[in-house]
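Engineer: Sharing a structure here in structure tokens format.
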Amino acid sequence: MTENSQQPGQGRTARLERATSESSVLVEINLDGTGVSEIDTSVPFYDHMLTALSKHSLIDMKVKATGDTHIDAHHTVEDVAISLGEVLREALGNKAGIRRFGEATVPLDEALANAVVDVSGRPYLVHSGEPAGQEYHLIGGHFTGSLTRHVFEAITLHAQICLHMTLIAGRDPHHIVEAQFKAFARALRSAVEKDPRVTGIPSTKGLL
């Protein structure tokens with residue numbers, strides 16, 4: 001069940017509880033926060049990435065998840081990403097007054113990632129640039145490199161946003177993933193921010 005609050009003074013918030021035979025997920029966000037987070041997905045490296053996502057997007061996040069990680073982290077990681085996408089879409093409401101577009105290029109030592117976000121209402125992901133073999137790396141003992149793209153796929157689909165994610169440079173598998181999450185965070189921050197010069201829906205169609 002997703003709950004949405006956009007009353008004056010309450011900020012743009014949403015909450016979702018999602019349970020399947022493979023995982024149990026609770027996600028709460030506030031788009032107008034300061035980057036405060038409480039993250040526990042039972043996948044430590046994923047916790048690290050979501051903490052960075054919250055910190056650098058300035059979106060307050062509470063994420064609690066348990067699942068069949070004794071089999072694989074895939075189900076829990078995917079279900080959290082689906083839930084994040086759903087609450088982002090709900091918290092954005094009709095998207096009136098937002099900047100809509102955001103872009104960021106973020107380094108992490110030798111790694112460099114570029115993210116461009118359009119809160120378009122049309123889900124689309126372009127993900128490129130990772131070196132051959134990145135998808136097979138096991139990072140932090142639980143998180144497989146292939147899950148990076150999968151997380152962005154699930155978020156873009158369920159948030160109904162367009163994301164172009166390009167890894168420009170990178171060698172260390174950890175840095176490659178973290179640079180992408182931070183670039184996404186900064187681009188998302190810009191895209192969902194309110195722009196005082198925007199009146200109504202930022203689209204010539206009048207709908208996003």
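Naming scheme: A, B, ... for chains in displayed order of the structure tokens; residues 1 onward per chain; ligands 1 onward as shown.
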Residues at most 6 Å from Ile59 (chain A), counting only C-alpha atoms, excluding those fewer than 6 positions away in the same chain, as an MDAnalysis selection string?
Structural biologist: chainID A and resid 30:31 33 35
Engineer: Which residues come within 9 Å of Ile98 (chain A), counting only C-alpha atoms, excluding same-chain residues fewer than 3 positions away, as a PDB file with all heavy atoms, in the first residue's frame?
Structural biologist:
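Result went into part-v9.pdb, see below:
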ATOM      1  N   LEU A  92       5.983  12.681  -6.080  1.00  0.00           N
ATOM      2  CA  LEU A  92       6.032  13.740  -7.088  1.00  0.00           C
ATOM      3  C   LEU A  92       4.645  14.269  -7.444  1.00  0.00           C
ATOM      4  O   LEU A  92       4.513  15.391  -7.935  1.00  0.00           O
ATOM      5  CB  LEU A  92       6.730  13.236  -8.350  1.00  0.00           C
ATOM      6  CG  LEU A  92       8.252  13.213  -8.281  1.00  0.00           C
ATOM      7  CD1 LEU A  92       8.824  12.329  -9.380  1.00  0.00           C
ATOM      8  CD2 LEU A  92       8.820  14.628  -8.384  1.00  0.00           C
ATOM      9  N   LYS A  95       3.566  16.686 -10.423  1.00  0.00           N
ATOM     10  CA  LYS A  95       4.858  17.227 -10.868  1.00  0.00           C
ATOM     11  C   LYS A  95       4.818  18.734 -11.150  1.00  0.00           C
ATOM     12  O   LYS A  95       5.737  19.271 -11.775  1.00  0.00           O
ATOM     13  CB  LYS A  95       5.393  16.464 -12.084  1.00  0.00           C
ATOM     14  CG  LYS A  95       5.436  14.941 -11.888  1.00  0.00           C
ATOM     15  CD  LYS A  95       5.905  14.240 -13.139  1.00  0.00           C
ATOM     16  CE  LYS A  95       5.861  12.728 -12.975  1.00  0.00           C
ATOM     17  NZ  LYS A  95       4.490  12.202 -13.042  1.00  0.00           N
ATOM     18  N   PHE A 101      14.167  18.428 -15.383  1.00  0.00           N
ATOM     19  CA  PHE A 101      15.428  17.885 -15.885  1.00  0.00           C
ATOM     20  C   PHE A 101      16.547  18.074 -14.862  1.00  0.00           C
ATOM     21  O   PHE A 101      16.596  19.090 -14.164  1.00  0.00           O
ATOM     22  CB  PHE A 101      15.833  18.577 -17.189  1.00  0.00           C
ATOM     23  CG  PHE A 101      14.825  18.456 -18.289  1.00  0.00           C
ATOM     24  CD1 PHE A 101      13.980  19.509 -18.579  1.00  0.00           C
ATOM     25  CD2 PHE A 101      14.712  17.286 -19.029  1.00  0.00           C
ATOM     26  CE1 PHE A 101      13.043  19.409 -19.598  1.00  0.00           C
ATOM     27  CE2 PHE A 101      13.773  17.172 -20.042  1.00  0.00           C
ATOM     28  CZ  PHE A 101      12.934  18.236 -20.323  1.00  0.00           C
ATOM     29  N   VAL A 119      12.098  13.817 -15.559  1.00  0.00           N
ATOM     30  CA  VAL A 119      10.882  13.331 -14.898  1.00  0.00           C
ATOM     31  C   VAL A 119       9.754  13.458 -15.926  1.00  0.00           C
ATOM     32  O   VAL A 119       8.942  14.371 -15.888  1.00  0.00           O
ATOM     33  CB  VAL A 119      10.586  14.134 -13.614  1.00  0.00           C
ATOM     34  CG1 VAL A 119       9.358  13.568 -12.905  1.00  0.00           C
ATOM     35  CG2 VAL A 119      11.786  14.098 -12.680  1.00  0.00           C
ATOM     36  N   SER A 190      18.254  17.736  -8.692  1.00  0.00           N
ATOM     37  CA  SER A 190      17.927  18.877  -9.543  1.00  0.00           C
ATOM     38  C   SER A 190      16.566  18.701 -10.221  1.00  0.00           C
ATOM     39  O   SER A 190      15.784  19.651 -10.314  1.00  0.00           O
ATOM     40  CB  SER A 190      19.002  19.067 -10.620  1.00  0.00           C
ATOM     41  OG  SER A 190      20.249  19.383 -10.039  1.00  0.00           O
ATOM     42  N   ALA A 191      16.289  17.484 -10.684  1.00  0.00           N
ATOM     43  CA  ALA A 191      15.071  17.245 -11.459  1.00  0.00           C
ATOM     44  C   ALA A 191      13.799  17.389 -10.629  1.00  0.00           C
ATOM     45  O   ALA A 191      12.777  17.869 -11.131  1.00  0.00           O
ATOM     46  CB  ALA A 191      15.126  15.858 -12.091  1.00  0.00           C
ATOM     47  N   VAL A 192      13.844  16.973  -9.368  1.00  0.00           N
ATOM     48  CA  VAL A 192      12.621  17.000  -8.544  1.00  0.00           C
ATOM     49  C   VAL A 192      12.474  18.285  -7.740  1.00  0.00           C
ATOM     50  O   VAL A 192      11.430  18.508  -7.123  1.00  0.00           O
ATOM     51  CB  VAL A 192      12.549  15.783  -7.591  1.00  0.00           C
ATOM     52  CG1 VAL A 192      12.668  14.483  -8.369  1.00  0.00           C
ATOM     53  CG2 VAL A 192      13.599  15.862  -6.483  1.00  0.00           C
ATOM     54  N   GLU A 193      13.505  19.134  -7.760  1.00  0.00           N
ATOM     55  CA  GLU A 193      13.421  20.394  -7.019  1.00  0.00           C
ATOM     56  C   GLU A 193      12.337  21.295  -7.569  1.00  0.00           C
ATOM     57  O   GLU A 193      12.080  21.337  -8.769  1.00  0.00           O
ATOM     58  CB  GLU A 193      14.763  21.142  -7.095  1.00  0.00           C
ATOM     59  CG  GLU A 193      15.775  20.708  -6.080  1.00  0.00           C
ATOM     60  CD  GLU A 193      17.065  21.514  -6.168  1.00  0.00           C
ATOM     61  OE1 GLU A 193      17.285  22.182  -7.200  1.00  0.00           O
ATOM     62  OE2 GLU A 193      17.841  21.458  -5.205  1.00  0.00           O
ATOM     63  N   LYS A 194      11.724  22.054  -6.674  1.00  0.00           N
ATOM     64  CA  LYS A 194      10.777  23.082  -7.088  1.00  0.00           C
ATOM     65  C   LYS A 194      11.545  24.268  -7.663  1.00  0.00           C
ATOM     66  O   LYS A 194      12.568  24.683  -7.127  1.00  0.00           O
ATOM     67  CB  LYS A 194       9.950  23.541  -5.893  1.00  0.00           C
ATOM     68  CG  LYS A 194       8.990  22.493  -5.353  1.00  0.00           C
ATOM     69  CD  LYS A 194       7.747  22.394  -6.215  1.00  0.00           C
ATOM     70  CE  LYS A 194       6.678  21.539  -5.555  1.00  0.00           C
ATOM     71  NZ  LYS A 194       5.409  21.555  -6.315  1.00  0.00           N
ATOM     72  N   ASP A 195      11.055  24.798  -8.778  1.00  0.00           N
ATOM     73  CA  ASP A 195      11.626  25.977  -9.406  1.00  0.00           C
ATOM     74  C   ASP A 195      10.614  27.108  -9.264  1.00  0.00           C
ATOM     75  O   ASP A 195       9.500  27.017  -9.801  1.00  0.00           O
ATOM     76  CB  ASP A 195      11.906  25.701 -10.885  1.00  0.00           C
ATOM     77  CG  ASP A 195      12.627  26.846 -11.583  1.00  0.00           C
ATOM     78  OD1 ASP A 195      12.494  28.006 -11.129  1.00  0.00           O
ATOM     79  OD2 ASP A 195      13.309  26.597 -12.585  1.00  0.00           O
ATOM     80  N   PRO A 196      10.953  28.167  -8.537  1.00  0.00           N
ATOM     81  CA  PRO A 196       9.984  29.236  -8.296  1.00  0.00           C
ATOM     82  C   PRO A 196       9.502  29.930  -9.568  1.00  0.00           C
ATOM     83  O   PRO A 196       8.474  30.609  -9.559  1.00  0.00           O
ATOM     84  CB  PRO A 196      10.749  30.207  -7.385  1.00  0.00           C
ATOM     85  CG  PRO A 196      12.195  29.900  -7.607  1.00  0.00           C
ATOM     86  CD  PRO A 196      12.255  28.443  -7.895  1.00  0.00           C
ATOM     87  N   VAL A 198       8.718  28.272 -12.337  1.00  0.00           N
ATOM     88  CA  VAL A 198       7.843  27.354 -13.070  1.00  0.00           C
ATOM     89  C   VAL A 198       6.433  27.438 -12.505  1.00  0.00           C
ATOM     90  O   VAL A 198       6.231  27.313 -11.301  1.00  0.00           O
ATOM     91  CB  VAL A 198       8.356  25.903 -12.991  1.00  0.00           C
ATOM     92  CG1 VAL A 198       7.347  24.934 -13.619  1.00  0.00           C
ATOM     93  CG2 VAL A 198       9.701  25.767 -13.671  1.00  0.00           C
ATOM     94  N   THR A 199       5.482  27.652 -13.370  1.00  0.00           N
ATOM     95  CA  THR A 199       4.076  27.620 -12.967  1.00  0.00           C
ATOM     96  C   THR A 199       3.410  26.445 -13.662  1.00  0.00           C
ATOM     97  O   THR A 199       3.522  26.256 -14.870  1.00  0.00           O
ATOM     98  CB  THR A 199       3.350  28.919 -13.357  1.00  0.00           C
ATOM     99  OG1 THR A 199       3.463  29.129 -14.766  1.00  0.00           O
ATOM    100  CG2 THR A 199       3.952  30.107 -12.624  1.00  0.00           C
ATOM    101  N   GLY A 200       2.725  25.620 -12.885  1.00  0.00           N
ATOM    102  CA  GLY A 200       2.038  24.465 -13.456  1.00  0.00           C
ATOM    103  C   GLY A 200       2.975  23.338 -13.832  1.00  0.00           C
ATOM    104  O   GLY A 200       4.074  23.201 -13.297  1.00  0.00           O
ATOM    105  N   ILE A 201       2.547  22.542 -14.790  1.00  0.00           N
ATOM    106  CA  ILE A 201       3.285  21.360 -15.233  1.00  0.00           C
ATOM    107  C   ILE A 201       4.353  21.762 -16.251  1.00  0.00           C
ATOM    108  O   ILE A 201       4.031  22.420 -17.232  1.00  0.00           O
ATOM    109  CB  ILE A 201       2.320  20.333 -15.880  1.00  0.00           C
ATOM    110  CG1 ILE A 201       1.107  20.063 -14.988  1.00  0.00           C
ATOM    111  CG2 ILE A 201       3.076  19.042 -16.196  1.00  0.00           C
ATOM    112  CD1 ILE A 201       1.423  19.455 -13.659  1.00  0.00           C
ATOM    113  N   PRO A 202       5.627  21.386 -16.037  1.00  0.00           N
ATOM    114  CA  PRO A 202       6.675  21.773 -16.961  1.00  0.00           C
ATOM    115  C   PRO A 202       6.705  20.934 -18.239  1.00  0.00           C
ATOM    116  O   PRO A 202       7.642  20.175 -18.510  1.00  0.00           O
ATOM    117  CB  PRO A 202       7.959  21.594 -16.139  1.00  0.00           C
ATOM    118  CG  PRO A 202       7.620  20.501 -15.182  1.00  0.00           C
ATOM    119  CD  PRO A 202       6.161  20.677 -14.864  1.00  0.00           C
TER     120      PRO A 202
END
Engineer: Out of region 108-181 of chain A, which residues get alpha helix (DSSP H) from DSSP, as a ChimeraX atom specification?
Structural biologist: /A:147-159,173-181
Engineer: Could the residues in this selection be saved with N, CA, C and O atoms as a PDB file, in the first residue's frame?
Structural biologist:
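Full text of again15.pdb as output:
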ATOM      1  N   LEU A 147      23.663  -6.020 -10.722  1.00  0.00           N
ATOM      2  CA  LEU A 147      22.505  -5.441 -10.039  1.00  0.00           C
ATOM      3  C   LEU A 147      22.439  -3.921 -10.190  1.00  0.00           C
ATOM      4  O   LEU A 147      21.371  -3.335 -10.031  1.00  0.00           O
ATOM      5  N   THR A 148      23.553  -3.283 -10.503  1.00  0.00           N
ATOM      6  CA  THR A 148      23.551  -1.820 -10.645  1.00  0.00           C
ATOM      7  C   THR A 148      22.558  -1.402 -11.716  1.00  0.00           C
ATOM      8  O   THR A 148      21.666  -0.579 -11.476  1.00  0.00           O
ATOM      9  N   ARG A 149      22.714  -1.959 -12.907  1.00  0.00           N
ATOM     10  CA  ARG A 149      21.777  -1.643 -13.984  1.00  0.00           C
ATOM     11  C   ARG A 149      20.357  -2.038 -13.606  1.00  0.00           C
ATOM     12  O   ARG A 149      19.387  -1.331 -13.905  1.00  0.00           O
ATOM     13  N   HIS A 150      20.216  -3.178 -12.942  1.00  0.00           N
ATOM     14  CA  HIS A 150      18.887  -3.670 -12.598  1.00  0.00           C
ATOM     15  C   HIS A 150      18.173  -2.711 -11.635  1.00  0.00           C
ATOM     16  O   HIS A 150      16.960  -2.499 -11.754  1.00  0.00           O
ATOM     17  N   VAL A 151      18.919  -2.145 -10.698  1.00  0.00           N
ATOM     18  CA  VAL A 151      18.340  -1.167  -9.772  1.00  0.00           C
ATOM     19  C   VAL A 151      17.828   0.046 -10.542  1.00  0.00           C
ATOM     20  O   VAL A 151      16.700   0.511 -10.333  1.00  0.00           O
ATOM     21  N   PHE A 152      18.648   0.563 -11.448  1.00  0.00           N
ATOM     22  CA  PHE A 152      18.226   1.734 -12.216  1.00  0.00           C
ATOM     23  C   PHE A 152      17.041   1.407 -13.129  1.00  0.00           C
ATOM     24  O   PHE A 152      16.147   2.243 -13.328  1.00  0.00           O
ATOM     25  N   GLU A 153      17.007   0.196 -13.668  1.00  0.00           N
ATOM     26  CA  GLU A 153      15.862  -0.221 -14.484  1.00  0.00           C
ATOM     27  C   GLU A 153      14.573  -0.194 -13.668  1.00  0.00           C
ATOM     28  O   GLU A 153      13.546   0.328 -14.124  1.00  0.00           O
ATOM     29  N   ALA A 154      14.633  -0.768 -12.474  1.00  0.00           N
ATOM     30  CA  ALA A 154      13.431  -0.855 -11.642  1.00  0.00           C
ATOM     31  C   ALA A 154      12.973   0.523 -11.181  1.00  0.00           C
ATOM     32  O   ALA A 154      11.773   0.821 -11.184  1.00  0.00           O
ATOM     33  N   ILE A 155      13.919   1.375 -10.807  1.00  0.00           N
ATOM     34  CA  ILE A 155      13.549   2.718 -10.366  1.00  0.00           C
ATOM     35  C   ILE A 155      12.932   3.518 -11.508  1.00  0.00           C
ATOM     36  O   ILE A 155      11.879   4.149 -11.349  1.00  0.00           O
ATOM     37  N   THR A 156      13.577   3.514 -12.667  1.00  0.00           N
ATOM     38  CA  THR A 156      13.058   4.298 -13.792  1.00  0.00           C
ATOM     39  C   THR A 156      11.683   3.809 -14.231  1.00  0.00           C
ATOM     40  O   THR A 156      10.789   4.615 -14.515  1.00  0.00           O
ATOM     41  N   LEU A 157      11.495   2.491 -14.266  1.00  0.00           N
ATOM     42  CA  LEU A 157      10.214   1.939 -14.692  1.00  0.00           C
ATOM     43  C   LEU A 157       9.092   2.357 -13.744  1.00  0.00           C
ATOM     44  O   LEU A 157       8.028   2.810 -14.181  1.00  0.00           O
ATOM     45  N   HIS A 158       9.329   2.211 -12.453  1.00  0.00           N
ATOM     46  CA  HIS A 158       8.257   2.440 -11.487  1.00  0.00           C
ATOM     47  C   HIS A 158       8.103   3.907 -11.089  1.00  0.00           C
ATOM     48  O   HIS A 158       7.008   4.321 -10.686  1.00  0.00           O
ATOM     49  N   ALA A 159       9.158   4.690 -11.222  1.00  0.00           N
ATOM     50  CA  ALA A 159       9.033   6.130 -10.990  1.00  0.00           C
ATOM     51  C   ALA A 159       8.548   6.851 -12.239  1.00  0.00           C
ATOM     52  O   ALA A 159       8.160   8.012 -12.176  1.00  0.00           O
ATOM     53  N   PRO A 173      35.666  -1.863  -9.040  1.00  0.00           N
ATOM     54  CA  PRO A 173      34.237  -2.178  -9.123  1.00  0.00           C
ATOM     55  C   PRO A 173      33.370  -1.395  -8.134  1.00  0.00           C
ATOM     56  O   PRO A 173      32.267  -0.963  -8.475  1.00  0.00           O
ATOM     57  N   HIS A 174      33.871  -1.223  -6.905  1.00  0.00           N
ATOM     58  CA  HIS A 174      33.142  -0.450  -5.888  1.00  0.00           C
ATOM     59  C   HIS A 174      32.970   0.995  -6.347  1.00  0.00           C
ATOM     60  O   HIS A 174      31.867   1.560  -6.321  1.00  0.00           O
ATOM     61  N   HIS A 175      34.045   1.607  -6.801  1.00  0.00           N
ATOM     62  CA  HIS A 175      34.003   3.006  -7.244  1.00  0.00           C
ATOM     63  C   HIS A 175      33.086   3.187  -8.451  1.00  0.00           C
ATOM     64  O   HIS A 175      32.384   4.197  -8.562  1.00  0.00           O
ATOM     65  N   ILE A 176      33.075   2.216  -9.341  1.00  0.00           N
ATOM     66  CA  ILE A 176      32.240   2.278 -10.539  1.00  0.00           C
ATOM     67  C   ILE A 176      30.759   2.357 -10.163  1.00  0.00           C
ATOM     68  O   ILE A 176      29.998   3.158 -10.724  1.00  0.00           O
ATOM     69  N   VAL A 177      30.353   1.543  -9.212  1.00  0.00           N
ATOM     70  CA  VAL A 177      28.948   1.558  -8.779  1.00  0.00           C
ATOM     71  C   VAL A 177      28.632   2.832  -7.995  1.00  0.00           C
ATOM     72  O   VAL A 177      27.621   3.495  -8.246  1.00  0.00           O
ATOM     73  N   GLU A 178      29.507   3.189  -7.071  1.00  0.00           N
ATOM     74  CA  GLU A 178      29.218   4.335  -6.204  1.00  0.00           C
ATOM     75  C   GLU A 178      29.168   5.637  -6.985  1.00  0.00           C
ATOM     76  O   GLU A 178      28.326   6.508  -6.707  1.00  0.00           O
ATOM     77  N   ALA A 179      30.049   5.811  -7.963  1.00  0.00           N
ATOM     78  CA  ALA A 179      30.013   7.028  -8.785  1.00  0.00           C
ATOM     79  C   ALA A 179      28.676   7.147  -9.499  1.00  0.00           C
ATOM     80  O   ALA A 179      28.112   8.247  -9.623  1.00  0.00           O
ATOM     81  N   GLN A 180      28.129   6.013  -9.951  1.00  0.00           N
ATOM     82  CA  GLN A 180      26.839   6.038 -10.644  1.00  0.00           C
ATOM     83  C   GLN A 180      25.698   6.408  -9.704  1.00  0.00           C
ATOM     84  O   GLN A 180      24.821   7.218 -10.052  1.00  0.00           O
ATOM     85  N   PHE A 181      25.690   5.837  -8.518  1.00  0.00           N
ATOM     86  CA  PHE A 181      24.634   6.171  -7.558  1.00  0.00           C
ATOM     87  C   PHE A 181      24.693   7.643  -7.151  1.00  0.00           C
ATOM     88  O   PHE A 181      23.658   8.300  -7.018  1.00  0.00           O
TER      89      PHE A 181
END
Engineer: Tell me, as a list of chain:residue names, which residues lie within 10 Å of region 75-79 of chain A, counting only C-alpha atoms; anything in the same chain fewer than 6 positions away does not count.
Structural biologist: A:Arg18, A:Ala19, A:Thr20, A:Ser21, A:Glu22, A:Ser23, A:Ser24, A:Val25, A:Thr41, A:Ser42, A:Val43, A:Tyr46, A:Asp47, A:Ala65, A:Thr66, A:Gly67, A:Asp68, A:Thr69, A:Gly85, A:Phe143, A:Leu147, A:Thr148, A:His150, A:Val151, A:Phe152, A:Glu153, A:Ala154, A:Ile155
Engineer: With a distance cut-off of 9 Å and only C-alpha atoms, select the neighbouring residues of Lys62 (chain A), excluding the residue or stretch itself and same-chain residues fewer than 6 positions from it, and output the selection as a list in words.
Structural biologist: Leu26, Val27, Glu28, Ile29, Val36, Ser37, Glu38, Ile39 and Asp40 of chain A
Engineer: For each of A:Leu108, A:Ala185, A:Ala14, A:Leu163, take the minimum atom-to-atom distance to Leu50 (chain A), counting only C-alpha atoms, then give the residue where this is smallest.
Structural biologist: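 Among the listed residues, the smallest separation from Leu50 (chain A) belongs to A:Ala185.
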Engineer: Within 8 Å of Glu135 (chain A), counting only C-alpha atoms, which residues show up once you throw out same-chain ones fewer than 3 positions away? Write them as a VMD selection string, please.
Structural biologist: chain A and resid 132 144 to 147
Engineer: Please save N, CA, C and O atoms of the selected residues as a PDB file, in the first residue's frame.
Structural biologist:
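Just written: selection_4.pdb:
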ATOM      1  N   ALA A 132      33.987  -4.388 -19.420  1.00  0.00           N
ATOM      2  CA  ALA A 132      33.646  -5.808 -19.546  1.00  0.00           C
ATOM      3  C   ALA A 132      33.996  -6.538 -18.255  1.00  0.00           C
ATOM      4  O   ALA A 132      35.082  -6.353 -17.692  1.00  0.00           O
ATOM      5  N   THR A 144      26.143  -8.183  -6.574  1.00  0.00           N
ATOM      6  CA  THR A 144      26.756  -8.476  -7.862  1.00  0.00           C
ATOM      7  C   THR A 144      26.691  -7.246  -8.758  1.00  0.00           C
ATOM      8  O   THR A 144      25.685  -6.541  -8.778  1.00  0.00           O
ATOM      9  N   GLY A 145      27.765  -7.000  -9.522  1.00  0.00           N
ATOM     10  CA  GLY A 145      27.830  -5.808 -10.354  1.00  0.00           C
ATOM     11  C   GLY A 145      26.658  -5.652 -11.303  1.00  0.00           C
ATOM     12  O   GLY A 145      26.242  -4.531 -11.615  1.00  0.00           O
ATOM     13  N   SER A 146      26.079  -6.756 -11.760  1.00  0.00           N
ATOM     14  CA  SER A 146      24.946  -6.694 -12.687  1.00  0.00           C
ATOM     15  C   SER A 146      23.716  -6.047 -12.054  1.00  0.00           C
ATOM     16  O   SER A 146      22.817  -5.570 -12.766  1.00  0.00           O
ATOM     17  N   LEU A 147      23.663  -6.020 -10.722  1.00  0.00           N
ATOM     18  CA  LEU A 147      22.505  -5.441 -10.039  1.00  0.00           C
ATOM     19  C   LEU A 147      22.439  -3.921 -10.190  1.00  0.00           C
ATOM     20  O   LEU A 147      21.371  -3.335 -10.031  1.00  0.00           O
TER      21      LEU A 147
END
Engineer: Ranking A:Val116, A:Leu207, A:Leu84, A:Ile71 by minimum distance to Leu53 (chain A) and counting only C-alpha atoms, which one comes first?
Structural biologist: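 When distances to Leu53 (chain A) are compared using only C-alpha atoms, the smallest one comes from A:Leu84.
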Engineer: Could you write out, as a VMD selection string, all the residues of region 46-183 of chain A that DSSP marks as strand (DSSP E or B)?
Structural biologist: chain A and resid 60 to 67 98 101 to 108 111 to 118 124 to 128 138 to 139 143 to 144 162 to 169
Engineer: Neighbours of His142 (chain A) within 8 Å (only C-alpha atoms; same-chain residues fewer than 5 positions away dropped), as a PyMOL selection string?
Structural biologist: chain A and resi 43-45+72-73
Engineer: Any idea what the distance is between CA of Val87 (chain A) and CA of Leu208 (chain A)?
Structural biologist: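 Between these atoms lies a distance of 16.2 Å.
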